[in-house]
Amino acid sequence: MRRFSGEGDIPDEYMQRILEAGVWAPSAGGIQPWEFIVVRDRGRIYQIKLVSPGLFGDPLAIVVVCVNLERARKGGRGGEMMAIMDASMAAQNMMLAAYSLGIGSCPIASFSKAAVKELLEIPDHVEPILLLTLGYVDQWPNPPRRRSLEEVVHYEGYRKHR
Ligand SMILES: Cc1cc2nc3c(=O)[nH]c(=O)nc-3n(C[C@H](O)[C@H](O)[C@H](O)COP(=O)(O)O)c2cc1C
């Protein structure tokens with residue numbers, strides 16, 4: 001969702017439910033390497049927009065999904081890659097929770113990590129990986145077409161489709 005109405009307010013209770021859904025994501029080895037920064041201040045949202053070429057529309061809030069690299073390293077080899085998967089699962093959970101509350105969202109990877117780190121005073125051992133924009137929607141867009149299951153799914157081995 002990229003076209004927000006710009007109207008309304010996300011109640012604290014809704015924001016809590018969205019964030020709560022994030023921490024209930026699975027994580028490799030139960031490491032829970034995620035951290036979330038909630039940005040609701042209009043001025044700060046605007047500053048983030050300036051350094052985020054992939055951020056469209058006027059969201060009411062942004063959740064900056066981060067990986068705490070110190071926690072991720074506890075996961076051992078491949079910890080950082082696993083941590084990105086973990087945090088991505090948390091992000092999807094939050095998007096689904098938002099949708100269930102009537103709130104649209106968009107995941108955004110196209111942003112300047114360095115600039116966002118500086119703006120939000122994020123320490124070196126924490127890496128922002130995704131911005132989640134949140135806001136109300138006048139009209140839900142039609143979802144883009146999906147590749148068909150026939151094309152995507154293989155049975156009992158790569159060479160077999162149904
Ligand atoms: C990892 C990831 C990064 C994305 N980054 C951006 C982005 O920077 N800007 C943007 O507008 N959409 C971004 N998207 C949203 C995709 O463009 C969107 O999911 C895709 O167009 C399919 O649309 P749908 O999710 O409505 O089916 C991203 C999605 C994912 C999963």
# chains A, B, ... in the order shown; residues from 1 in each chain; ligands from 1

call {"tool": "select_by_dssp", "arguments": {"residues": "chain A", "states": "strand (DSSP E or B)", "output": "list in words"}}
result
Trp34, Glu35, Phe36, Ile37, Val38, Val39, Ala61, Ile62, Val63, Val64, Val65, Cys66, Val67, Asn68, Gly104, Ser105, Cys106, Pro107, Ile108, Val126, Glu127, Pro128, Ile129, Leu130, Leu131, Leu132, Thr133, Leu134 and Gly135 of chain A

call {"tool": "residues_around", "arguments": {"residues": "Met89 of chain A", "least_positions_apart": "5", "cutoff": "10 Å", "atoms": "only C-alpha atoms", "output": "list in words"}}
result
Gly22, Val23, Trp24, Ala25, Pro26, Ser27, Trp34, Ala83, Ile84, Met94 and Met95 of chain A

call {"tool": "write_last_selection", "arguments": {"atoms": "N, CA and C atoms", "output": "mmCIF file, in the first residue's frame"}}
result
data_model
loop_
_atom_site.group_PDB
_atom_site.id
_atom_site.type_symbol
_atom_site.label_atom_id
_atom_site.label_comp_id
_atom_site.auth_asym_id
_atom_site.auth_seq_id
_atom_site.Cartn_x
_atom_site.Cartn_y
_atom_site.Cartn_z
ATOM 1 N N GLY A 22 4.779 -8.490 15.884
ATOM 2 C CA GLY A 22 6.169 -8.598 15.418
ATOM 3 C C GLY A 22 6.997 -9.511 16.295
ATOM 4 N N VAL A 23 6.882 -9.340 17.593
ATOM 5 C CA VAL A 23 7.752 -10.133 18.485
ATOM 6 C C VAL A 23 7.298 -11.586 18.607
ATOM 7 N N TRP A 24 6.104 -11.904 18.061
ATOM 8 C CA TRP A 24 5.680 -13.303 18.079
ATOM 9 C C TRP A 24 6.130 -14.064 16.831
ATOM 10 N N ALA A 25 6.947 -13.418 16.015
ATOM 11 C CA ALA A 25 7.496 -14.125 14.838
ATOM 12 C C ALA A 25 8.467 -15.207 15.316
ATOM 13 N N PRO A 26 8.646 -16.226 14.493
ATOM 14 C CA PRO A 26 9.683 -17.207 14.818
ATOM 15 C C PRO A 26 11.060 -16.610 14.542
ATOM 16 N N SER A 27 12.077 -17.119 15.231
ATOM 17 C CA SER A 27 13.447 -16.680 14.923
ATOM 18 C C SER A 27 14.379 -17.867 15.087
ATOM 19 N N TRP A 34 15.525 -8.884 16.527
ATOM 20 C CA TRP A 34 14.870 -7.673 16.015
ATOM 21 C C TRP A 34 14.779 -6.566 17.053
ATOM 22 N N ALA A 83 19.349 -13.566 10.893
ATOM 23 C CA ALA A 83 18.716 -12.435 11.585
ATOM 24 C C ALA A 83 17.865 -11.624 10.619
ATOM 25 N N ILE A 84 18.320 -11.514 9.377
ATOM 26 C CA ILE A 84 17.529 -10.775 8.380
ATOM 27 C C ILE A 84 16.230 -11.539 8.087
ATOM 28 N N MET A 94 3.800 -7.979 11.361
ATOM 29 C CA MET A 94 3.285 -6.642 11.675
ATOM 30 C C MET A 94 2.371 -6.144 10.557
ATOM 31 N N MET A 95 2.744 -6.448 9.298
ATOM 32 C CA MET A 95 1.914 -6.014 8.176
ATOM 33 C C MET A 95 0.543 -6.699 8.212
#

call {"tool": "closest_atom_pairs", "arguments": {"of": "chain A", "to": "ligand 1", "cutoff": "9 Å", "atoms": "only C-alpha atoms and all ligand atoms", "output": "Markdown table"}}
result
| residue | atom | partner | partner_atom_place_in_ligand_line | distance |
| --- | --- | --- | --- | --- |
| A:Met1 | CA | ligand 1 | 26 (O) | 6.5 |
| A:Arg2 | CA | ligand 1 | 11 (O) | 6.6 |
| A:Ser52 | CA | ligand 1 | 8 (O) | 7.8 |
| A:Pro53 | CA | ligand 1 | 8 (O) | 7.2 |
| A:Gly54 | CA | ligand 1 | 9 (N) | 3.8 |
| A:Leu55 | CA | ligand 1 | 9 (N) | 5.4 |
| A:Phe56 | CA | ligand 1 | 11 (O) | 6.1 |
| A:Ser88 | CA | ligand 1 | 1 (C) | 7.8 |
| A:Gln92 | CA | ligand 1 | 31 (C) | 8.7 |
| A:Cys106 | CA | ligand 1 | 15 (C) | 5.9 |
| A:Pro107 | CA | ligand 1 | 28 (C) | 4.9 |
| A:Ile108 | CA | ligand 1 | 8 (O) | 3.6 |
| A:Ala109 | CA | ligand 1 | 5 (N) | 4.1 |
| A:Ser110 | CA | ligand 1 | 8 (O) | 3.7 |
| A:Phe111 | CA | ligand 1 | 8 (O) | 6.8 |
| A:Ile129 | CA | ligand 1 | 1 (C) | 8.8 |
| A:Leu130 | CA | ligand 1 | 3 (C) | 7.2 |
| A:Leu131 | CA | ligand 1 | 8 (O) | 8.3 |
| A:Pro141 | CA | ligand 1 | 26 (O) | 7.8 |
| A:Asn142 | CA | ligand 1 | 26 (O) | 7.8 |
| A:Pro143 | CA | ligand 1 | 26 (O) | 5.0 |
| A:Pro144 | CA | ligand 1 | 27 (O) | 5.2 |
| A:Arg145 | CA | ligand 1 | 27 (O) | 7.6 |
| A:Arg146 | CA | ligand 1 | 27 (O) | 7.8 |

call {"tool": "select_by_dssp", "arguments": {"residues": "segment 2-154 of chain A", "states": "helix (DSSP H, G or I)", "output": "ChimeraX atom specification"}}
result
/A:12-23,28-30,42-50,69-73,79-100,113-119,149-152

call {"tool": "residues_around", "arguments": {"residues": "Val64 of chain A", "least_positions_apart": "5", "cutoff": "10 Å", "atoms": "only C-alpha atoms", "output": "ChimeraX atom specification"}}
result
/A:35-39,91,107-108,116,120,127-133

call {"tool": "closest_residue", "arguments": {"among": "A:Met81, A:Tyr14, A:Leu60, A:His154", "to": "Arg44 of chain A", "atoms": "only C-alpha atoms"}}
result
A:Leu60

call {"tool": "residues_around", "arguments": {"residues": "Gly43 of chain A", "least_positions_apart": "4", "cutoff": "12 Å", "atoms": "only C-alpha atoms", "output": "ChimeraX atom specification"}}
result
/A:39,47-50,58-61,119

call {"tool": "write_last_selection", "arguments": {"atoms": "N, CA and C atoms", "output": "short mmCIF file (atom, residue, chain, number, x, y, z; two decimals), in the first residue's frame"}}
result
data_model
loop_
_atom_site.label_atom_id
_atom_site.label_comp_id
_atom_site.auth_asym_id
_atom_site.auth_seq_id
_atom_site.Cartn_x
_atom_site.Cartn_y
_atom_site.Cartn_z
N VAL A 39 8.26 5.61 14.55
CA VAL A 39 8.36 7.04 14.25
C VAL A 39 6.97 7.55 13.88
N GLN A 47 11.65 13.80 7.29
CA GLN A 47 13.11 13.67 7.15
C GLN A 47 13.47 12.28 6.61
N ILE A 48 12.78 11.25 7.10
CA ILE A 48 13.05 9.89 6.61
C ILE A 48 12.70 9.80 5.13
N LYS A 49 11.57 10.43 4.76
CA LYS A 49 11.16 10.42 3.34
C LYS A 49 12.26 10.99 2.44
N LEU A 50 12.90 12.05 2.93
CA LEU A 50 13.93 12.72 2.12
C LEU A 50 15.10 11.80 1.79
N ASP A 58 2.10 9.40 2.10
CA ASP A 58 2.25 10.06 3.40
C ASP A 58 1.75 9.17 4.53
N PRO A 59 2.63 8.35 5.04
CA PRO A 59 2.20 7.45 6.11
C PRO A 59 2.01 8.20 7.43
N LEU A 60 1.20 7.61 8.31
CA LEU A 60 1.00 8.20 9.65
C LEU A 60 2.10 7.75 10.60
N ALA A 61 2.70 6.63 10.28
CA ALA A 61 3.78 6.12 11.14
C ALA A 61 4.73 5.28 10.31
N LEU A 119 19.88 9.99 11.62
CA LEU A 119 18.65 10.70 12.02
C LEU A 119 18.07 10.17 13.33
#

call {"tool": "closest_residue", "arguments": {"among": "A:Ala97, A:Val126, A:Arg147, A:Glu121", "to": "Gln16 of chain A", "atoms": "only C-alpha atoms"}}
result
A:Ala97

call {"tool": "atom_distance", "arguments": {"atom1": "atom CA of Ile18 of chain A", "atom2": "atom CA of Pro33 of chain A"}}
result
17.5 Å

call {"tool": "closest_residue", "arguments": {"among": "A:Ala21, A:Gly102, A:Gly135, A:Asp124", "to": "Ala87 of chain A", "atoms": "only C-alpha atoms"}}
result
A:Ala21

call {"tool": "atom_distance", "arguments": {"atom1": "atom CA of Leu101 of chain A", "atom2": "atom CA of Gly6 of chain A"}}
result
16.5 Å

call {"tool": "atom_distance", "arguments": {"atom1": "atom CA of Leu134 of chain A", "atom2": "atom CA of Leu19 of chain A"}}
result
12.0 Å

call {"tool": "closest_residue", "arguments": {"among": "A:Ala98, A:Lys160, A:Lys117, A:Gly57", "to": "Phe4 of chain A", "atoms": "only C-alpha atoms"}}
result
A:Gly57

call {"tool": "residues_around", "arguments": {"residues": "Met82 of chain A", "least_positions_apart": "4", "cutoff": "9 Å", "atoms": "only C-alpha atoms", "output": "PyMOL selection string"}}
result
chain A and resi 27-28+72+75+78+86-87

call {"tool": "write_last_selection", "arguments": {"atoms": "N, CA and C atoms", "output": "PDB file, in the first residue's frame"}}
result
ATOM      1  N   SER A  27      12.077 -17.119  15.231  1.00  0.00           N
ATOM      2  CA  SER A  27      13.447 -16.680  14.923  1.00  0.00           C
ATOM      3  C   SER A  27      14.379 -17.867  15.087  1.00  0.00           C
ATOM      4  N   ALA A  28      15.395 -17.909  14.238  1.00  0.00           N
ATOM      5  CA  ALA A  28      16.319 -19.053  14.254  1.00  0.00           C
ATOM      6  C   ALA A  28      16.957 -19.153  15.643  1.00  0.00           C
ATOM      7  N   ALA A  72      22.418 -11.034  17.008  1.00  0.00           N
ATOM      8  CA  ALA A  72      22.465 -11.919  15.840  1.00  0.00           C
ATOM      9  C   ALA A  72      23.714 -12.805  15.880  1.00  0.00           C
ATOM     10  N   GLY A  75      23.829 -16.145  17.318  1.00  0.00           N
ATOM     11  CA  GLY A  75      23.300 -17.230  16.493  1.00  0.00           C
ATOM     12  C   GLY A  75      24.390 -18.022  15.798  1.00  0.00           C
ATOM     13  N   GLY A  78      26.520 -17.643  10.096  1.00  0.00           N
ATOM     14  CA  GLY A  78      25.305 -17.343   9.334  1.00  0.00           C
ATOM     15  C   GLY A  78      24.300 -16.555  10.151  1.00  0.00           C
ATOM     16  N   ASP A  86      14.758 -13.535  10.240  1.00  0.00           N
ATOM     17  CA  ASP A  86      13.935 -13.376  11.454  1.00  0.00           C
ATOM     18  C   ASP A  86      13.200 -12.036  11.427  1.00  0.00           C
ATOM     19  N   ALA A  87      13.950 -10.981  11.166  1.00  0.00           N
ATOM     20  CA  ALA A  87      13.356  -9.637  11.203  1.00  0.00           C
ATOM     21  C   ALA A  87      12.320  -9.478  10.087  1.00  0.00           C
TER      22      ALA A  87
END
